[in-house]
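run-v3.cif (mmCIF, C-alpha atoms)
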data_data
#
loop_
_atom_site.group_PDB
_atom_site.id
_atom_site.type_symbol
_atom_site.label_atom_id
_atom_site.label_comp_id
_atom_site.auth_asym_id
_atom_site.auth_seq_id
_atom_site.Cartn_x
_atom_site.Cartn_y
_atom_site.Cartn_z
ATOM 1 C CA MET A 12 -22.402 -11.508 2.765
ATOM 2 C CA HIS A 13 -25.598 -12.122 0.886
ATOM 3 C CA GLY A 14 -29.265 -11.196 0.896
ATOM 4 C CA ALA A 15 -30.450 -7.593 0.997
ATOM 5 C CA VAL A 16 -26.959 -6.081 0.785
ATOM 6 C CA THR A 17 -26.444 -7.718 -2.613
ATOM 7 C CA ARG A 18 -29.717 -6.357 -4.019
ATOM 8 C CA VAL A 19 -28.632 -2.703 -3.734
ATOM 9 C CA PRO A 20 -26.778 -1.376 -6.796
ATOM 10 C CA GLU A 21 -23.076 -0.824 -6.121
ATOM 11 C CA ALA A 22 -23.244 2.841 -7.170
ATOM 12 C CA ALA A 23 -26.233 3.582 -4.883
ATOM 13 C CA THR A 24 -24.029 4.027 -1.792
ATOM 14 C CA ALA A 25 -20.367 4.459 -0.896
ATOM 15 C CA PHE A 26 -20.205 0.821 0.169
ATOM 16 C CA GLY A 27 -19.067 -1.112 -2.883
ATOM 17 C CA ALA A 28 -19.006 -4.719 -1.628
ATOM 18 C CA ARG A 29 -22.454 -5.656 -2.896
ATOM 19 C CA LYS A 30 -21.829 -9.078 -4.380
ATOM 20 C CA VAL A 31 -22.253 -12.406 -2.625
ATOM 21 C CA GLN A 32 -18.957 -13.078 -0.867
ATOM 22 C CA TRP A 33 -17.320 -14.387 2.275
ATOM 23 C CA ASP A 34 -16.217 -11.967 4.972
ATOM 24 C CA PHE A 35 -13.122 -13.206 6.800
ATOM 25 C CA ASP A 36 -11.517 -11.328 9.678
ATOM 26 C CA ALA A 37 -8.611 -12.427 11.898
ATOM 27 C CA ILE A 38 -8.963 -10.920 15.368
ATOM 28 C CA GLY A 39 -6.609 -11.278 18.312
ATOM 29 C CA GLN A 40 -7.573 -10.137 21.800
ATOM 30 C CA TRP A 41 -5.610 -10.013 25.042
ATOM 31 C CA SER A 42 -5.819 -8.205 28.349
ATOM 32 C CA ASP A 43 -2.179 -7.536 29.273
ATOM 33 C CA GLY A 44 -0.781 -4.638 27.259
ATOM 34 C CA ALA A 45 2.741 -5.910 27.811
ATOM 35 C CA GLU A 46 1.855 -8.874 25.591
ATOM 36 C CA SER A 47 0.859 -6.679 22.626
ATOM 37 C CA PRO A 48 3.957 -7.258 20.470
ATOM 38 C CA THR A 49 3.568 -11.036 20.745
ATOM 39 C CA HIS A 50 -0.112 -11.068 19.868
ATOM 40 C CA ILE A 51 0.149 -8.490 17.093
ATOM 41 C CA ALA A 52 2.944 -10.582 15.570
ATOM 42 C CA TRP A 53 0.944 -13.831 15.454
ATOM 43 C CA VAL A 54 -2.141 -12.113 14.010
ATOM 44 C CA ARG A 55 -0.021 -10.475 11.306
ATOM 45 C CA GLU A 56 1.728 -13.766 10.574
ATOM 46 C CA LEU A 57 -1.604 -15.579 10.280
ATOM 47 C CA TRP A 58 -3.009 -12.846 8.042
ATOM 48 C CA GLY A 59 0.122 -12.927 5.890
ATOM 49 C CA GLN A 60 -0.429 -16.632 5.263
ATOM 50 C CA LEU A 61 -4.133 -16.224 4.489
ATOM 51 C CA GLU A 62 -4.161 -13.003 2.454
ATOM 52 C CA PRO A 63 -2.713 -14.511 -0.762
ATOM 53 C CA HIS A 64 -5.776 -16.787 -0.897
ATOM 54 C CA LEU A 65 -8.291 -13.938 -0.532
ATOM 55 C CA GLN A 66 -9.688 -11.509 -3.113
ATOM 56 C CA GLY A 67 -7.605 -8.441 -2.212
ATOM 57 C CA SER A 68 -10.514 -6.431 -0.872
ATOM 58 C CA ALA A 69 -12.319 -6.320 2.444
ATOM 59 C CA TYR A 70 -15.453 -5.191 4.195
ATOM 60 C CA ILE A 71 -14.630 -1.539 4.911
ATOM 61 C CA ASN A 72 -15.029 -1.844 8.693
ATOM 62 C CA HIS A 73 -12.363 -4.558 8.709
ATOM 63 C CA ILE A 74 -9.618 -2.562 7.020
ATOM 64 C CA ALA A 75 -6.773 -1.787 9.386
ATOM 65 C CA ALA A 76 -4.941 1.532 9.577
ATOM 66 C CA ASP A 77 -1.824 -0.143 8.163
ATOM 67 C CA ASP A 78 -3.521 -1.873 5.213
ATOM 68 C CA ARG A 79 -2.137 -1.001 1.801
ATOM 69 C CA PRO A 80 -3.854 1.744 -0.240
ATOM 70 C CA GLU A 81 -4.485 -0.828 -2.999
ATOM 71 C CA LYS A 82 -6.655 -2.828 -0.615
ATOM 72 C CA VAL A 83 -8.619 0.287 0.349
ATOM 73 C CA ARG A 84 -9.210 1.106 -3.340
ATOM 74 C CA ALA A 85 -10.254 -2.459 -4.111
ATOM 75 C CA SER A 86 -12.607 -2.516 -1.139
ATOM 76 C CA PHE A 87 -14.510 0.564 -2.302
ATOM 77 C CA GLY A 88 -14.568 -0.870 -5.820
ATOM 78 C CA ALA A 89 -15.935 1.305 -8.604
ATOM 79 C CA ASN A 90 -17.037 3.883 -6.002
ATOM 80 C CA HIS A 91 -13.480 4.811 -4.995
ATOM 81 C CA GLN A 92 -12.931 7.525 -7.609
ATOM 82 C CA ARG A 93 -16.363 9.055 -6.982
ATOM 83 C CA LEU A 94 -15.585 9.173 -3.244
ATOM 84 C CA ARG A 95 -12.244 10.861 -3.945
ATOM 85 C CA GLU A 96 -14.018 13.526 -5.968
ATOM 86 C CA ILE A 97 -16.573 14.134 -3.213
ATOM 87 C CA LYS A 98 -13.807 14.295 -0.621
ATOM 88 C CA ALA A 99 -11.935 16.859 -2.719
ATOM 89 C CA VAL A 100 -14.957 19.143 -2.320
ATOM 90 C CA TYR A 101 -15.866 18.498 1.327
ATOM 91 C CA ASP A 102 -12.575 17.430 2.942
ATOM 92 C CA LYS A 103 -9.743 19.006 0.952
ATOM 93 C CA ALA A 104 -7.435 18.945 3.989
ATOM 94 C CA ASN A 105 -8.090 15.187 4.436
ATOM 95 C CA LEU A 106 -9.181 15.648 8.055
ATOM 96 C CA PHE A 107 -11.049 12.337 7.966
ATOM 97 C CA ARG A 108 -8.026 10.203 7.089
ATOM 98 C CA VAL A 109 -7.846 7.491 9.732
ATOM 99 C CA ASN A 110 -8.351 3.782 8.933
ATOM 100 C CA SER A 111 -9.630 3.177 5.404
ATOM 101 C CA ASN A 112 -8.656 6.569 4.062
ATOM 102 C CA VAL A 113 -9.980 7.818 0.758
ATOM 103 C CA ALA A 114 -7.583 10.572 -0.244
ATOM 104 C CA PRO A 115 -9.070 13.636 -1.960
ATOM 105 C CA ALA A 116 -8.762 13.668 -5.737
#
Represent the supplied structure as structure tokens.
Amino acid sequence: MHGAVTRVPEAATAFGARKVQWDFDAIGQWSDGAESPTHIAWVRELWGQLEPHLQGSAYINHIAADDRPEKVRASFGANHQRLREIKAVYDKANLFRVNSNVAPA
């Protein structure tokens, strides 16, 4: 990621990944649902081998529902606490909690 996205101040939007960086995503696709456990396993194994070499954060759209909360926090960067405070006002019940959830403060 580079160019225009890196020229916007981090605090100007919710999206905190505004420094020049690589965006890496491991994606597995298959057509037979019966094969899901096999393919999910190899993608998770691959990711497990790669993740220790990455920065611990991700482009928000690439965070999986089962990613650790620490990764979600790191991915929003300095904006995470501000987003929690906003969510405490507008989404106290945490209705919007799927994928990269920001829990209300």
Starting from the displayed file, determine the output of the PyMOL selection byres ((chain A and resi 37-51) around 12) and express the residue list as a CSV table (one decimal) with C-alpha atoms, in the frame of the given file.
chain,number,residue,atom,x,y,z
A,34,ASP,CA,-16.2,-12.0,5.0
A,35,PHE,CA,-13.1,-13.2,6.8
A,36,ASP,CA,-11.5,-11.3,9.7
A,52,ALA,CA,2.9,-10.6,15.6
A,53,TRP,CA,0.9,-13.8,15.5
A,54,VAL,CA,-2.1,-12.1,14.0
A,55,ARG,CA,0.0,-10.5,11.3
A,56,GLU,CA,1.7,-13.8,10.6
A,57,LEU,CA,-1.6,-15.6,10.3
A,58,TRP,CA,-3.0,-12.8,8.0
A,59,GLY,CA,0.1,-12.9,5.9
A,60,GLN,CA,-0.4,-16.6,5.3
A,61,LEU,CA,-4.1,-16.2,4.5
A,62,GLU,CA,-4.2,-13.0,2.5
A,69,ALA,CA,-12.3,-6.3,2.4
A,73,HIS,CA,-12.4,-4.6,8.7
A,74,ILE,CA,-9.6,-2.6,7.0
A,75,ALA,CA,-6.8,-1.8,9.4
Take every atom of stretch 86-105 of chain A listed in the file, fit an axis-aligned box around them, add 6 Å per side, and give the centre and edge lengths in Å to one decimal as lines of an AutoDock Vina configuration file.
center_x = -12.2
center_y = 8.3
center_z = -2.1
size_x = 21.6
size_y = 33.7
size_z = 25.0
Long-range neighbours of A:Ser86 as a compact mmCIF listing (two decimals) with C-alpha atoms, in the frame of the given file, 12 Å cut-off, only C-alpha atoms, 4 positions minimum in chain:
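result35.txt written:
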# COMPACT_ATOMS: atom_id res chain seq x y z
CA GLU A 21 -23.08 -0.82 -6.12
CA ALA A 25 -20.37 4.46 -0.90
CA PHE A 26 -20.20 0.82 0.17
CA GLY A 27 -19.07 -1.11 -2.88
CA ALA A 28 -19.01 -4.72 -1.63
CA ARG A 29 -22.45 -5.66 -2.90
CA LYS A 30 -21.83 -9.08 -4.38
CA ASP A 34 -16.22 -11.97 4.97
CA GLN A 66 -9.69 -11.51 -3.11
CA GLY A 67 -7.60 -8.44 -2.21
CA SER A 68 -10.51 -6.43 -0.87
CA ALA A 69 -12.32 -6.32 2.44
CA TYR A 70 -15.45 -5.19 4.20
CA ILE A 71 -14.63 -1.54 4.91
CA ASN A 72 -15.03 -1.84 8.69
CA HIS A 73 -12.36 -4.56 8.71
CA ILE A 74 -9.62 -2.56 7.02
CA ASP A 78 -3.52 -1.87 5.21
CA ARG A 79 -2.14 -1.00 1.80
CA PRO A 80 -3.85 1.74 -0.24
CA GLU A 81 -4.49 -0.83 -3.00
CA LYS A 82 -6.66 -2.83 -0.62
CA ASN A 90 -17.04 3.88 -6.00
CA HIS A 91 -13.48 4.81 -5.00
CA GLN A 92 -12.93 7.52 -7.61
CA SER A 111 -9.63 3.18 5.40
CA ASN A 112 -8.66 6.57 4.06
CA VAL A 113 -9.98 7.82 0.76
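Between atom CA of A:Ile97 and atom CA of A:Trp33 the separation is 29.1 Å.
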TODO: Evaluate the PyMOL selection byres ((chain A and resi 31) around 6) and record the selected residues as a ChimeraX atom specification, following the chain and residue labels used in the document.
DONE: /A:12-13,30,32
Leaving out A:Leu94 and any residue of its chain fewer than 4 positions from it, which residues lie within 12 Å of it when counting all atoms listed in the file, given as a PDB file with C-alpha atoms, in the frame of the given file?
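selection_24.pdb written:
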ATOM      1  CA  ALA A  22     -23.244   2.841  -7.170  1.00  0.00           C
ATOM      2  CA  THR A  24     -24.029   4.027  -1.792  1.00  0.00           C
ATOM      3  CA  ALA A  25     -20.367   4.459  -0.896  1.00  0.00           C
ATOM      4  CA  PHE A  26     -20.205   0.821   0.169  1.00  0.00           C
ATOM      5  CA  GLY A  27     -19.067  -1.112  -2.883  1.00  0.00           C
ATOM      6  CA  VAL A  83      -8.619   0.287   0.349  1.00  0.00           C
ATOM      7  CA  ARG A  84      -9.210   1.106  -3.340  1.00  0.00           C
ATOM      8  CA  PHE A  87     -14.510   0.564  -2.302  1.00  0.00           C
ATOM      9  CA  GLY A  88     -14.568  -0.870  -5.820  1.00  0.00           C
ATOM     10  CA  ALA A  89     -15.935   1.305  -8.604  1.00  0.00           C
ATOM     11  CA  ASN A  90     -17.037   3.883  -6.002  1.00  0.00           C
ATOM     12  CA  LYS A  98     -13.807  14.295  -0.621  1.00  0.00           C
ATOM     13  CA  ALA A  99     -11.935  16.859  -2.719  1.00  0.00           C
ATOM     14  CA  VAL A 100     -14.957  19.143  -2.320  1.00  0.00           C
ATOM     15  CA  TYR A 101     -15.866  18.498   1.327  1.00  0.00           C
ATOM     16  CA  ASP A 102     -12.575  17.430   2.942  1.00  0.00           C
ATOM     17  CA  ASN A 112      -8.656   6.569   4.062  1.00  0.00           C
ATOM     18  CA  VAL A 113      -9.980   7.818   0.758  1.00  0.00           C
ATOM     19  CA  ALA A 114      -7.583  10.572  -0.244  1.00  0.00           C
ATOM     20  CA  PRO A 115      -9.070  13.636  -1.960  1.00  0.00           C
ATOM     21  CA  ALA A 116      -8.762  13.668  -5.737  1.00  0.00           C
TER      22      ALA A 116
END
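Atom CA of A:Pro20 to atom CA of A:Ala85 spans 16.8 Å [interatomic distance, one decimal].
Between atom CA of A:Phe107 and atom CA of A:Arg93 lies a distance of 16.2 Å.
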